[in-house]
Amino acid sequence: MNPVLDVRFFRTDAGAEPVREWLKDLPAIDRKTIGEDIKTVQFGWPLGMPLVDHLGGDIWEVRIRLGNRIARVLFAIDGQTMVLLHGFIKKQQKTPGPDLDLAKDRLKLLRRR
């Protein structure tokens with residue numbers, strides 16, 4: 001079975017990949033869970049709740065359960081590619097505005113290139 005989407009990390013002009021760097025700081029078990037959920041989206045797109053939610057515009061989120069914590073990976077679809085824009089551990093019910101704004105800013109940078 002072939003994936004529906006390619007997956008890549010958003011890269012800054014300086015070459016940094018913020019989501020990859022965030023993942024490297026997490027325990028291995030959390031990285032594995034997040035990777036499996038992203039792979040589920042990659043192979044099953046389009047998906048909806050409870051794994052994927054649309055946050056508005058072109059921003060989507062992968063909703064990940066990590067034991068007693070919740071992680072989110074915000075992404076956009078660029079052609080046939082899922083671009084991972086931002087990842088974070090969620091500490092409140094609603095997606096924090098600054099996290100959503102950061103993903104939107106990164107998407108704007110991506111589209112300008």
# chains A, B, ... in the order shown; residues from 1 in each chain; ligands from 1
>>> closest_atom_pairs(of="segment 11-73 of chain A", to="segment 84-91 of chain A", cutoff="8 Å", atoms="only C-alpha atoms", output="Markdown table")
| residue | atom | partner | partner_atom | distance |
| --- | --- | --- | --- | --- |
| A:Pro18 | CA | A:His86 | CA | 6.9 |
| A:Val19 | CA | A:His86 | CA | 5.5 |
| A:Trp22 | CA | A:Gly87 | CA | 6.8 |
| A:Leu23 | CA | A:Gly87 | CA | 8.0 |
| A:Arg69 | CA | A:Ile89 | CA | 7.2 |
| A:Ile70 | CA | A:Lys90 | CA | 5.4 |
| A:Ala71 | CA | A:Ile89 | CA | 4.3 |
| A:Arg72 | CA | A:Phe88 | CA | 5.6 |
| A:Val73 | CA | A:Gly87 | CA | 4.3 |
>>> residues_around(residues="Gly44 of chain A", least_positions_apart="4", cutoff="9 Å", atoms="only C-alpha atoms", output="count of residues only")
5
>>> select_by_dssp(residues="chain A", states="strand (DSSP E or B)", output="VMD selection string")
chain A and resid 6 to 9 52 to 56 59 to 66 69 to 78 81 to 90
>>> residues_around(residues="segment 6-16 of chain A", least_positions_apart="3", cutoff="10 Å", atoms="only C-alpha atoms", output="PyMOL selection string")
chain A and resi 2-3+19-21+38-39+41-43+75-86+103+106-107+109-110+113
>>> write_last_selection(atoms="C-alpha atoms", output="tab-separated table (two decimals), in the first residue's frame")
chain	number	residue	atom	x	y	z
A	2	ASN	CA	1.39	3.39	-1.01
A	3	PRO	CA	1.01	6.52	1.10
A	19	VAL	CA	9.15	20.02	14.51
A	20	ARG	CA	12.07	17.59	14.06
A	21	GLU	CA	13.99	19.42	16.82
A	38	ILE	CA	1.42	10.93	11.50
A	39	LYS	CA	1.87	7.76	9.42
A	41	VAL	CA	-2.67	10.37	8.42
A	42	GLN	CA	-0.12	9.90	5.63
A	43	PHE	CA	-1.66	6.60	4.53
A	75	PHE	CA	0.28	20.74	9.51
A	76	ALA	CA	-0.80	21.94	6.09
A	77	ILE	CA	-1.27	20.08	2.83
A	78	ASP	CA	0.91	21.39	0.00
A	79	GLY	CA	-0.05	19.50	-3.15
A	80	GLN	CA	0.42	15.85	-2.13
A	81	THR	CA	2.68	16.68	0.81
A	82	MET	CA	1.83	16.95	4.50
A	83	VAL	CA	4.10	19.71	5.84
A	84	LEU	CA	4.63	19.51	9.60
A	85	LEU	CA	4.57	23.13	10.77
A	86	HIS	CA	4.55	23.03	14.58
A	103	ALA	CA	1.84	27.55	12.37
A	106	ARG	CA	5.29	29.21	8.97
A	107	LEU	CA	2.68	28.37	6.33
A	109	LEU	CA	6.73	31.53	4.71
A	110	LEU	CA	6.30	28.18	2.97
A	113	ARG	CA	9.02	30.33	-1.47
>>> select_by_dssp(residues="segment 13-69 of chain A", states="helix (DSSP H, G or I)", output="list in words")
Pro18, Val19, Arg20, Glu21, Trp22, Leu23, Lys24, Ala28, Ile29, Asp30, Arg31, Lys32, Thr33, Ile34, Gly35, Glu36, Asp37, Ile38, Lys39, Thr40, Val41, Gln42, Phe43 and Gly44 of chain A
>>> closest_residue(among="A:Leu102, A:Gly57, A:Val62, A:Arg31", to="Trp45 of chain A", atoms="only C-alpha atoms")
A:Val62
>>> residues_around(residues="Leu55 of chain A", least_positions_apart="2", cutoff="12 Å", atoms="only C-alpha atoms", output="list in words")
Gly48, Met49, Val52, Asp53, Gly57, Asp58, Ile59, Trp60, Glu61, Val62, Arg63, Arg72, Val73, Leu74, Phe75, Ala76, Lys94, Thr95, Pro96, Gly97, Asp99, Leu100, Asp101, Ala103 and Lys104 of chain A
